[in-house]
$ cat work_1.pdb   # PDB, C-alpha atoms
ATOM      1  CA  MET A   1      14.591   4.313  29.547
ATOM      2  CA  LYS A   2      15.721   7.834  30.362
ATOM      3  CA  LYS A   3      17.646   9.079  27.331
ATOM      4  CA  ILE A   4      16.938   7.411  24.013
ATOM      5  CA  MET A   5      18.611   7.471  20.597
ATOM      6  CA  VAL A   6      16.489   6.440  17.597
ATOM      7  CA  THR A   7      17.983   5.484  14.235
ATOM      8  CA  GLY A   8      15.860   5.591  11.085
ATOM      9  CA  ALA A   9      13.768   8.160  12.900
ATOM     10  CA  LEU A  10      12.052   9.533   9.790
ATOM     11  CA  GLY A  11      10.677   6.206   8.583
ATOM     12  CA  GLN A  12       7.163   4.861   9.064
ATOM     13  CA  ILE A  13       7.672   3.748  12.661
ATOM     14  CA  GLY A  14      10.300   6.266  13.721
ATOM     15  CA  SER A  15       8.453   9.406  12.655
ATOM     16  CA  GLU A  16       5.638   8.565  15.064
ATOM     17  CA  LEU A  17       7.658   6.806  17.744
ATOM     18  CA  VAL A  18       9.973   9.798  18.252
ATOM     19  CA  VAL A  19       7.013  12.082  18.887
ATOM     20  CA  LYS A  20       5.428   9.640  21.335
ATOM     21  CA  LEU A  21       8.701   9.033  23.172
ATOM     22  CA  ARG A  22       9.220  12.789  23.550
ATOM     23  CA  ASN A  23       5.739  13.138  24.994
ATOM     24  CA  VAL A  24       6.489  10.378  27.515
ATOM     25  CA  TYR A  25      10.171  10.967  28.391
ATOM     26  CA  GLY A  26      10.695  14.652  27.528
ATOM     27  CA  LYS A  27      11.674  16.347  24.262
ATOM     28  CA  GLU A  28      15.367  16.726  25.072
ATOM     29  CA  ASN A  29      15.674  13.084  26.108
ATOM     30  CA  VAL A  30      14.927  11.564  22.684
ATOM     31  CA  ILE A  31      17.593  12.008  20.010
ATOM     32  CA  ALA A  32      16.271  11.364  16.509
ATOM     33  CA  THR A  33      18.740  10.366  13.792
ATOM     34  CA  ASP A  34      18.379   9.591  10.099
ATOM     35  CA  ILE A  35      20.408   9.660   6.909
ATOM     36  CA  ARG A  36      18.331  12.581   5.623
ATOM     37  CA  SER A  37      16.367  15.468   7.069
ATOM     38  CA  PHE A  38      13.158  17.303   6.266
ATOM     39  CA  GLY A  39      10.820  19.535   8.187
ATOM     40  CA  CYS A  40       8.643  17.074  10.089
ATOM     41  CA  GLU A  41       7.742  16.948  13.769
ATOM     42  CA  ALA A  42      10.400  14.328  14.567
ATOM     43  CA  VAL A  43      13.069  16.751  13.323
ATOM     44  CA  LEU A  44      11.635  19.977  14.685
ATOM     45  CA  SER A  45      10.393  18.938  18.130
ATOM     46  CA  GLY A  46      13.730  17.937  19.710
ATOM     47  CA  PRO A  47      17.358  16.941  19.107
ATOM     48  CA  PHE A  48      18.076  15.652  15.593
ATOM     49  CA  GLU A  49      21.320  14.469  13.997
ATOM     50  CA  ILE A  50      22.251  13.145  10.560
ATOM     51  CA  LEU A  51      23.477   9.545  10.845
ATOM     52  CA  ASP A  52      24.351   6.895   8.278
ATOM     53  CA  VAL A  53      24.024   3.702  10.328
ATOM     54  CA  THR A  54      26.782   2.031   8.324
ATOM     55  CA  ASP A  55      29.170   4.522   9.998
ATOM     56  CA  GLY A  56      29.769   2.856  13.361
ATOM     57  CA  ASN A  57      32.175   5.521  14.606
ATOM     58  CA  ARG A  58      29.618   8.272  14.061
ATOM     59  CA  MET A  59      26.975   6.206  15.863
ATOM     60  CA  VAL A  60      29.200   5.797  18.934
ATOM     61  CA  GLU A  61      30.113   9.479  18.805
ATOM     62  CA  LEU A  62      26.466  10.585  18.898
ATOM     63  CA  ALA A  63      25.526   8.114  21.637
ATOM     64  CA  LYS A  64      28.367   9.461  23.780
ATOM     65  CA  LYS A  65      27.579  13.089  22.949
ATOM     66  CA  TYR A  66      24.011  12.787  24.222
ATOM     67  CA  GLU A  67      24.811  10.296  27.010
ATOM     68  CA  VAL A  68      21.993   7.963  25.990
ATOM     69  CA  ASP A  69      21.075   4.818  27.907
ATOM     70  CA  THR A  70      18.823   3.252  25.248
ATOM     71  CA  MET A  71      19.211   2.552  21.524
ATOM     72  CA  ILE A  72      16.135   1.996  19.346
ATOM     73  CA  HIS A  73      17.438   0.869  15.970
ATOM     74  CA  LEU A  74      14.874   1.210  13.172
ATOM     75  CA  ALA A  75      16.976   1.992  10.069
ATOM     76  CA  ALA A  76      16.387  -0.663   7.384
ATOM     77  CA  LEU A  77      15.196  -1.331   3.848
ATOM     78  CA  LEU A  78      11.727  -2.932   3.830
ATOM     79  CA  SER A  79      10.637  -6.160   2.141
ATOM     80  CA  ALA A  80       9.812  -5.183  -1.450
ATOM     81  CA  VAL A  81      12.701  -2.718  -1.729
ATOM     82  CA  ALA A  82      15.096  -5.229  -0.177
ATOM     83  CA  GLU A  83      14.061  -7.857  -2.727
ATOM     84  CA  ALA A  84      14.807  -5.437  -5.574
ATOM     85  CA  LYS A  85      18.177  -4.457  -4.052
ATOM     86  CA  PRO A  86      19.321  -7.502  -2.055
ATOM     87  CA  LEU A  87      23.013  -6.622  -1.686
ATOM     88  CA  ILE A  88      22.242  -3.058  -0.595
ATOM     89  CA  ALA A  89      19.670  -4.453   1.833
ATOM     90  CA  TRP A  90      22.176  -6.879   3.352
ATOM     91  CA  ASN A  91      24.836  -4.209   3.761
ATOM     92  CA  LEU A  92      22.443  -1.654   5.272
ATOM     93  CA  ASN A  93      20.220  -3.935   7.341
ATOM     94  CA  MET A  94      22.950  -6.151   8.763
ATOM     95  CA  GLY A  95      25.810  -3.631   8.803
ATOM     96  CA  GLY A  96      23.660  -1.067  10.564
ATOM     97  CA  LEU A  97      22.427  -3.634  13.081
ATOM     98  CA  VAL A  98      25.937  -4.792  13.948
ATOM     99  CA  ASN A  99      27.030  -1.180  14.458
ATOM    100  CA  ALA A 100      24.033  -0.520  16.711
ATOM    101  CA  LEU A 101      24.709  -3.651  18.760
ATOM    102  CA  GLU A 102      28.417  -2.830  19.039
ATOM    103  CA  THR A 103      27.567   0.695  20.198
ATOM    104  CA  SER A 104      25.180  -0.737  22.780
ATOM    105  CA  LYS A 105      27.796  -3.239  23.953
ATOM    106  CA  GLU A 106      30.496  -0.569  24.276
ATOM    107  CA  LEU A 107      28.305   1.927  26.132
ATOM    108  CA  GLY A 108      26.067  -0.470  28.103
ATOM    109  CA  LEU A 109      22.834   0.577  26.387
ATOM    110  CA  LYS A 110      19.447  -1.086  26.503
ATOM    111  CA  PHE A 111      18.634  -2.107  22.922
ATOM    112  CA  PHE A 112      15.549  -2.550  20.721
ATOM    113  CA  THR A 113      15.235  -3.386  17.036
ATOM    114  CA  PRO A 114      12.122  -4.684  15.312
ATOM    115  CA  SER A 115      11.865  -8.054  13.659
ATOM    116  CA  SER A 116       8.931  -8.959  11.417
ATOM    117  CA  ILE A 117       6.540 -11.643  10.241
ATOM    118  CA  GLY A 118       8.938 -11.584   7.274
ATOM    119  CA  ALA A 119      11.199 -13.770   9.413
ATOM    120  CA  PHE A 120       8.824 -16.636   8.656
ATOM    121  CA  GLY A 121       8.686 -18.555   5.378
ATOM    122  CA  PRO A 122       6.612 -21.012   3.316
ATOM    123  CA  SER A 123       7.419 -23.936   5.620
ATOM    124  CA  THR A 124       6.280 -22.065   8.745
ATOM    125  CA  PRO A 125       2.803 -23.090  10.018
ATOM    126  CA  LYS A 126       0.379 -20.643   8.364
ATOM    127  CA  GLU A 127      -2.359 -20.519  11.011
ATOM    128  CA  LYS A 128      -1.667 -19.244  14.541
ATOM    129  CA  THR A 129       2.059 -19.358  13.896
ATOM    130  CA  PRO A 130       3.765 -20.303  17.186
ATOM    131  CA  GLN A 131       6.308 -18.149  18.984
ATOM    132  CA  ASP A 132       8.952 -20.842  18.503
ATOM    133  CA  THR A 133       8.742 -22.459  15.089
ATOM    134  CA  ILE A 134      10.657 -23.071  11.859
ATOM    135  CA  GLN A 135      11.993 -19.883  10.246
ATOM    136  CA  ARG A 136      13.177 -20.408   6.670
ATOM    137  CA  PRO A 137      12.267 -17.194   4.793
ATOM    138  CA  THR A 138      12.714 -16.936   1.030
ATOM    139  CA  THR A 139      13.363 -13.173   0.840
ATOM    140  CA  MET A 140      16.441 -11.094   1.596
ATOM    141  CA  TYR A 141      14.390  -9.065   4.075
ATOM    142  CA  GLY A 142      13.381 -12.253   5.875
ATOM    143  CA  VAL A 143      16.942 -13.539   5.925
ATOM    144  CA  ASN A 144      18.019 -10.217   7.452
ATOM    145  CA  LYS A 145      15.341 -10.476  10.133
ATOM    146  CA  VAL A 146      16.188 -14.054  11.142
ATOM    147  CA  ALA A 147      19.890 -13.188  11.258
ATOM    148  CA  GLY A 148      19.018 -10.102  13.290
ATOM    149  CA  GLU A 149      17.047 -12.099  15.841
ATOM    150  CA  LEU A 150      19.974 -14.494  16.249
ATOM    151  CA  LEU A 151      22.482 -11.643  16.513
ATOM    152  CA  CYS A 152      20.442  -9.983  19.242
ATOM    153  CA  ASP A 153      20.258 -13.287  21.126
ATOM    154  CA  TYR A 154      24.032 -13.654  20.713
ATOM    155  CA  TYR A 155      24.823 -10.165  22.029
ATOM    156  CA  PHE A 156      22.579 -10.810  25.031
ATOM    157  CA  ALA A 157      24.071 -14.221  25.826
ATOM    158  CA  LYS A 158      27.694 -13.378  24.990
ATOM    159  CA  PHE A 159      28.042  -9.755  26.070
ATOM    160  CA  GLY A 160      25.049  -9.100  28.339
ATOM    161  CA  VAL A 161      23.456  -6.472  26.078
ATOM    162  CA  ASP A 162      19.836  -6.002  27.152
ATOM    163  CA  THR A 163      18.371  -6.726  23.710
ATOM    164  CA  ARG A 164      14.624  -6.823  23.107
ATOM    165  CA  SER A 165      12.487  -7.163  19.973
ATOM    166  CA  VAL A 166       9.055  -7.899  18.551
ATOM    167  CA  ARG A 167       8.029  -9.444  15.251
ATOM    168  CA  PHE A 168       5.828  -6.731  13.812
ATOM    169  CA  PRO A 169       2.989  -7.621  11.477
ATOM    170  CA  GLY A 170       2.036  -5.146   8.758
ATOM    171  CA  LEU A 171       1.799  -1.673  10.278
ATOM    172  CA  ILE A 172      -0.926   0.759   9.251
ATOM    173  CA  SER A 173      -0.658   4.510   9.766
ATOM    174  CA  TYR A 174      -2.102   7.753   8.428
ATOM    175  CA  VAL A 175       1.002   9.798   9.346
ATOM    176  CA  ALA A 176       3.928   8.538   7.265
ATOM    177  CA  PRO A 177       3.685   7.414   3.614
ATOM    178  CA  PRO A 178       4.273   3.736   2.744
ATOM    179  CA  GLY A 179       7.936   2.787   2.493
ATOM    180  CA  GLY A 180       8.122  -0.210   0.160
ATOM    181  CA  GLY A 181       6.585  -2.936   2.277
ATOM    182  CA  THR A 182       4.451  -5.889   1.197
ATOM    183  CA  THR A 183       1.644  -4.885   3.559
ATOM    184  CA  ASP A 184       1.525  -1.280   2.297
ATOM    185  CA  TYR A 185      -1.680  -1.935   0.359
ATOM    186  CA  ALA A 186      -3.476  -1.740   3.695
ATOM    187  CA  VAL A 187      -2.286   1.871   4.036
ATOM    188  CA  GLU A 188      -2.750   2.927   0.407
ATOM    189  CA  ILE A 189      -6.321   1.637   0.290
ATOM    190  CA  TYR A 190      -7.489   4.203   2.851
ATOM    191  CA  TYR A 191      -5.839   7.128   1.064
ATOM    192  CA  ASP A 192      -7.317   6.134  -2.308
ATOM    193  CA  ALA A 193     -10.709   5.506  -0.734
ATOM    194  CA  ILE A 194     -10.801   9.153   0.381
ATOM    195  CA  ALA A 195      -9.124  10.666  -2.687
ATOM    196  CA  LYS A 196     -10.513   8.519  -5.528
ATOM    197  CA  GLY A 197     -13.294   6.329  -4.195
ATOM    198  CA  ARG A 198     -11.537   3.249  -5.556
ATOM    199  CA  TYR A 199      -8.304   1.280  -5.151
ATOM    200  CA  ASN A 200      -6.437  -1.367  -7.153
ATOM    201  CA  SER A 201      -4.745  -3.729  -4.711
ATOM    202  CA  PHE A 202      -1.338  -5.187  -5.496
ATOM    203  CA  ILE A 203      -2.174  -8.050  -3.109
ATOM    204  CA  ASP A 204      -4.740 -10.577  -4.348
ATOM    205  CA  LYS A 205      -8.101 -11.388  -2.754
ATOM    206  CA  GLY A 206      -8.000 -14.178  -0.204
ATOM    207  CA  THR A 207      -4.458 -13.290   0.889
ATOM    208  CA  TYR A 208      -4.494 -12.936   4.655
ATOM    209  CA  MET A 209      -1.746 -11.161   6.584
ATOM    210  CA  ASP A 210      -1.452 -10.049  10.185
ATOM    211  CA  MET A 211      -1.742  -6.309  10.723
ATOM    212  CA  MET A 212      -1.530  -3.741  13.504
ATOM    213  CA  TYR A 213      -2.475  -0.079  13.830
ATOM    214  CA  MET A 214       0.493   2.140  14.595
ATOM    215  CA  PRO A 215      -0.662   3.345  18.053
ATOM    216  CA  ASP A 216      -0.636  -0.269  19.243
ATOM    217  CA  ALA A 217       2.823  -0.810  17.730
ATOM    218  CA  LEU A 218       4.263   2.227  19.519
ATOM    219  CA  ASN A 219       2.787   1.154  22.834
ATOM    220  CA  ALA A 220       4.218  -2.336  22.343
ATOM    221  CA  ILE A 221       7.755  -0.961  21.956
ATOM    222  CA  ILE A 222       7.503   1.128  25.118
ATOM    223  CA  ASP A 223       5.807  -1.608  27.134
ATOM    224  CA  LEU A 224       8.425  -4.183  26.159
ATOM    225  CA  MET A 225      11.324  -1.839  26.892
ATOM    226  CA  GLU A 226       9.880  -1.022  30.314
ATOM    227  CA  ALA A 227       9.133  -4.674  31.148
ATOM    228  CA  ASP A 228      10.890  -6.536  33.957
ATOM    229  CA  PRO A 229      13.815  -8.341  32.264
ATOM    230  CA  ALA A 230      13.473 -11.256  34.689
ATOM    231  CA  LYS A 231      10.112 -12.108  33.116
ATOM    232  CA  LEU A 232      11.362 -12.161  29.513
ATOM    233  CA  LYS A 233      11.927 -15.744  28.495
ATOM    234  CA  HIS A 234      12.092 -15.066  24.763
ATOM    235  CA  ARG A 235      13.427 -11.503  24.507
ATOM    236  CA  ASN A 236      14.214 -11.675  20.721
ATOM    237  CA  ALA A 237      11.664 -11.597  19.224
ATOM    238  CA  PHE A 238       8.058 -11.717  20.427
ATOM    239  CA  ASN A 239       5.149 -12.447  18.098
ATOM    240  CA  ILE A 240       2.593  -9.648  18.328
ATOM    241  CA  THR A 241      -0.565  -9.023  16.316
ATOM    242  CA  ALA A 242      -3.889  -7.213  16.412
ATOM    243  CA  MET A 243      -5.881  -8.442  13.395
ATOM    244  CA  SER A 244      -5.705 -10.534  10.237
ATOM    245  CA  PHE A 245      -7.638  -9.755   7.044
ATOM    246  CA  ASP A 246      -7.550  -9.949   3.250
ATOM    247  CA  PRO A 247      -8.223  -7.047   0.823
ATOM    248  CA  GLU A 248     -11.930  -7.887   0.514
ATOM    249  CA  GLU A 249     -12.457  -7.625   4.278
ATOM    250  CA  ILE A 250     -10.768  -4.253   4.590
ATOM    251  CA  ALA A 251     -12.785  -3.001   1.600
ATOM    252  CA  ALA A 252     -16.015  -4.185   3.213
ATOM    253  CA  GLU A 253     -15.152  -2.257   6.367
ATOM    254  CA  ILE A 254     -14.403   0.878   4.336
ATOM    255  CA  ARG A 255     -17.818   0.564   2.631
ATOM    256  CA  ARG A 256     -19.482   0.931   6.024
ATOM    257  CA  HIS A 257     -18.276   4.536   5.849
ATOM    258  CA  LEU A 258     -18.007   5.040   2.058
ATOM    259  CA  PRO A 259     -20.678   2.814   0.447
ATOM    260  CA  SER A 260     -19.603   3.548  -3.140
ATOM    261  CA  PHE A 261     -15.967   2.481  -2.622
ATOM    262  CA  VAL A 262     -14.726   0.131  -5.368
ATOM    263  CA  LEU A 263     -11.902  -2.380  -4.927
ATOM    264  CA  GLY A 264     -10.032  -3.685  -7.970
ATOM    265  CA  TYR A 265      -6.824  -5.668  -8.408
ATOM    266  CA  ALA A 266      -3.483  -5.089 -10.110
ATOM    267  CA  VAL A 267      -1.509  -7.863  -8.429
ATOM    268  CA  ASP A 268       2.243  -7.370  -8.114
ATOM    269  CA  PRO A 269       3.826 -10.841  -8.548
ATOM    270  CA  VAL A 270       6.835 -10.003  -6.364
ATOM    271  CA  ARG A 271       4.887  -8.707  -3.389
ATOM    272  CA  GLN A 272       2.198 -11.357  -3.823
ATOM    273  CA  ALA A 273       4.825 -14.094  -3.628
ATOM    274  CA  ILE A 274       6.247 -12.505  -0.480
ATOM    275  CA  ALA A 275       2.787 -12.272   1.094
ATOM    276  CA  GLU A 276       2.031 -15.916   0.328
ATOM    277  CA  SER A 277       5.210 -16.976   2.132
ATOM    278  CA  TRP A 278       4.078 -15.292   5.347
ATOM    279  CA  PRO A 279       1.615 -16.542   7.997
ATOM    280  CA  ASN A 280      -2.111 -15.941   7.764
ATOM    281  CA  SER A 281      -2.314 -15.406  11.531
ATOM    282  CA  ILE A 282       0.123 -15.624  14.430
ATOM    283  CA  ASP A 283       0.005 -16.603  18.097
ATOM    284  CA  ALA A 284       0.962 -13.712  20.405
ATOM    285  CA  SER A 285       0.398 -15.551  23.689
ATOM    286  CA  ALA A 286       4.065 -15.366  24.779
ATOM    287  CA  ALA A 287       4.034 -11.565  24.556
ATOM    288  CA  ARG A 288       0.802 -11.406  26.529
ATOM    289  CA  GLU A 289       2.117 -13.707  29.229
ATOM    290  CA  GLU A 290       5.648 -12.316  29.602
ATOM    291  CA  TRP A 291       5.058  -8.550  29.410
ATOM    292  CA  GLY A 292       1.335  -7.951  29.137
ATOM    293  CA  PHE A 293       1.019  -7.147  25.438
ATOM    294  CA  LYS A 294      -2.453  -6.023  24.414
ATOM    295  CA  ALA A 295      -3.781  -4.431  21.213
ATOM    296  CA  GLU A 296      -6.521  -1.817  21.435
ATOM    297  CA  TYR A 297      -7.500  -1.518  17.759
ATOM    298  CA  ASP A 298      -9.357  -4.080  15.654
ATOM    299  CA  LEU A 299     -10.211  -3.617  11.956
ATOM    300  CA  ALA A 300     -13.451  -1.728  12.597
ATOM    301  CA  LYS A 301     -11.994   0.699  15.142
ATOM    302  CA  MET A 302      -8.874   1.276  13.038
ATOM    303  CA  THR A 303     -10.892   1.956   9.874
ATOM    304  CA  THR A 304     -13.035   4.574  11.597
ATOM    305  CA  HIS A 305      -9.932   6.316  12.946
ATOM    306  CA  MET A 306      -7.929   6.091   9.694
ATOM    307  CA  LEU A 307     -10.676   7.482   7.476
ATOM    308  CA  GLY A 308     -11.345  10.319   9.912
ATOM    309  CA  LYS A 309      -7.700  11.332  10.098
ATOM    310  CA  ILE A 310      -7.066  11.047   6.343
ATOM    311  CA  GLY A 311     -10.225  13.013   5.629
ATOM    312  CA  LYS A 312      -9.031  15.850   7.871
ATOM    313  CA  LYS A 313      -5.610  15.830   6.174
ATOM    314  CA  ALA A 314      -7.258  16.045   2.742
ATOM    315  CA  ILE A 315      -9.345  19.037   3.817
ATOM    316  CA  ALA A 316      -6.284  20.763   5.293
ATOM    317  CA  GLU A 317      -4.322  20.296   2.076
TER     318      GLU A 317
END

$ encode --input "work_1.pdb" --output "structure tokens"
Amino acid sequence: MKKIMVTGALGQIGSELVVKLRNVYGKENVIATDIRSFGCEAVLSGPFEILDVTDGNRMVELAKKYEVDTMIHLAALLSAVAEAKPLIAWNLNMGGLVNALETSKELGLKFFTPSSIGAFGPSTPKEKTPQDTIQRPTTMYGVNKVAGELLCDYYFAKFGVDTRSVRFPGLISYVAPPGGGTTDYAVEIYYDAIAKGRYNSFIDKGTYMDMMYMPDALNAIIDLMEADPAKLKHRNAFNITAMSFDPEEIAAEIRRHLPSFVLGYAVDPVRQAIAESWPNSIDASAAREEWGFKAEYDLAKMTTHMLGKIGKKAIAE
């Protein structure tokens, strides 16, 4: 990667990925795009353009203008929002992806878009979900992700587009606010622990989901995109994970730092049903073997870092 265009650059992943990419590849070599703009570091620290990803002509125009060689396509509606607005989700998630793939095909770009554990469904093995397994999701978001994986495989096999992807677990970050995902409780809980000393989880006790701290997710994108293509047997999309826990376990870890923290429950039936359709834990051995994936943060290390960073933000505000 030498010159990179990022769509959905102001979302949870993009807002941090753009900054990291600029630190690695140079500020002028990472073009951030989004459908809206506000004064954050991803906008202010380098090139930024307004882009609606459903406008394929505009996407091609910007890629040509900046002479990019890599497309990182992040623009999408997340799981809970997509379930509430399924037709909008289909049009944005799939229409935007097709435009990004067509742009990459036309201009010969290397291509990345994230898949998700949402690509799995109730009939998928729940424990140590294999890399290659049944994928029959019951949500619009999951349907989008499975279709996206297949589309990326198709563009690689049919047109030679260098497509690459990972199936992200729930991503946890102190930088960007939650964006409507089923795993967002694992972000909100830290903020409420600092601000209120208590949290009501919309996911029920005993519900395990795979999670990852954002620094590991950003490194995974870069490592995969820099990997030797000859070693990639799967390409779209690799299982990756760092930890798996339920609300009680994350609360127990928080109490090591804040002993009076109280966890309650206000279960959201929609997001709970989505969570129950996903794996409890997944097997990331293919990613480790084919491009050296490794996660640095476990639950304890992440909790220490999250609470420290959120505490500093609260003092600054």

$ residues_around --input "work_1.pdb" --residues "Lys20 (chain A)" --least-positions-apart "6" --cutoff "10 Å" --atoms "only C-alpha atoms" --output "PDB file with C-alpha atoms, in the coordinates of the input"
ATOM      1  CA  GLY A  14      10.300   6.266  13.721  1.00  0.00           C
ATOM      2  CA  GLY A  26      10.695  14.652  27.528  1.00  0.00           C
ATOM      3  CA  LYS A  27      11.674  16.347  24.262  1.00  0.00           C
ATOM      4  CA  VAL A  30      14.927  11.564  22.684  1.00  0.00           C
ATOM      5  CA  ALA A  42      10.400  14.328  14.567  1.00  0.00           C
ATOM      6  CA  PRO A 215      -0.662   3.345  18.053  1.00  0.00           C
ATOM      7  CA  LEU A 218       4.263   2.227  19.519  1.00  0.00           C
ATOM      8  CA  ASN A 219       2.787   1.154  22.834  1.00  0.00           C
ATOM      9  CA  ILE A 222       7.503   1.128  25.118  1.00  0.00           C
TER      10      ILE A 222
END

$ closest_atom_pairs --input "work_1.pdb" --of "region 169-232 of chain A" --to "region 107-111 of chain A" --cutoff "12 Å" --atoms "all atoms listed in the file" --output "Markdown table"
| residue | atom | partner | partner_atom | distance |
| --- | --- | --- | --- | --- |
| A:Ile221 | CA | A:Phe111 | CA | 11.0 |
| A:Ile222 | CA | A:Phe111 | CA | 11.8 |
| A:Leu224 | CA | A:Phe111 | CA | 10.9 |
| A:Met225 | CA | A:Lys110 | CA | 8.2 |
| A:Glu226 | CA | A:Lys110 | CA | 10.3 |
| A:Ala227 | CA | A:Lys110 | CA | 11.9 |
| A:Pro229 | CA | A:Lys110 | CA | 10.8 |

$ resolve_selection --input "work_1.pdb" --expression "the PyMOL selection byres ((chain A and resi 48) around 12)" --output "ChimeraX atom specification"
/A:4-10,15,18,27-47,49-51,62,66

$ closest_residue --input "work_1.pdb" --among "A:Glu61, A:Glu276, A:Glu127, A:Glu149" --to "Pro114 (chain A)" --atoms "all atoms listed in the file"
A:Glu149

$ atom_distance --input "work_1.pdb" --atom1 "CA of Ala237 (chain A)" --atom2 "CA of Ala100 (chain A)"
16.8 Å

$ closest_residue --input "work_1.pdb" --among "A:Thr54, A:Val175, A:Val68, A:Val143" --to "Glu83 (chain A)" --atoms "only C-alpha atoms"
A:Val143

$ residues_around --input "work_1.pdb" --residues "Ile310 (chain A)" --least-positions-apart "5" --cutoff "8 Å" --atoms "all atoms listed in the file" --output "JSON, numbers by chain"
{"A": [174, 190, 191, 194]}

$ residues_around --input "work_1.pdb" --residues "Ala242 (chain A)" --least-positions-apart "5" --cutoff "9 Å" --atoms "only C-alpha atoms" --output "PyMOL selection string"
chain A and resi 169+210-213+216+294-299

$ closest_residue --input "work_1.pdb" --among "A:Leu151, A:Ile240, A:Ala119, A:Leu171" --to "Ile274 (chain A)" --atoms "only C-alpha atoms"
A:Ala119

$ resolve_selection --input "work_1.pdb" --expression "the PyMOL selection byres ((chain A and resi 271) around 9)" --output "list in words"
Ser79, Ala80, Gly181, Thr182, Thr183, Phe202, Ile203, Val267, Asp268, Pro269, Val270, Gln272, Ala273, Ile274, Ala275 and Glu276 of chain A

$ atom_distance --input "work_1.pdb" --atom1 "CA of Ala195 (chain A)" --atom2 "CA of Leu77 (chain A)"
27.9 Å

$ closest_residue --input "work_1.pdb" --among "A:Ile72, A:Ile250, A:Ile172, A:Val166" --to "Trp291 (chain A)" --atoms "all atoms listed in the file"
A:Val166

$ atom_distance --input "work_1.pdb" --atom1 "CA of Gly206 (chain A)" --atom2 "CA of Pro86 (chain A)"
28.2 Å
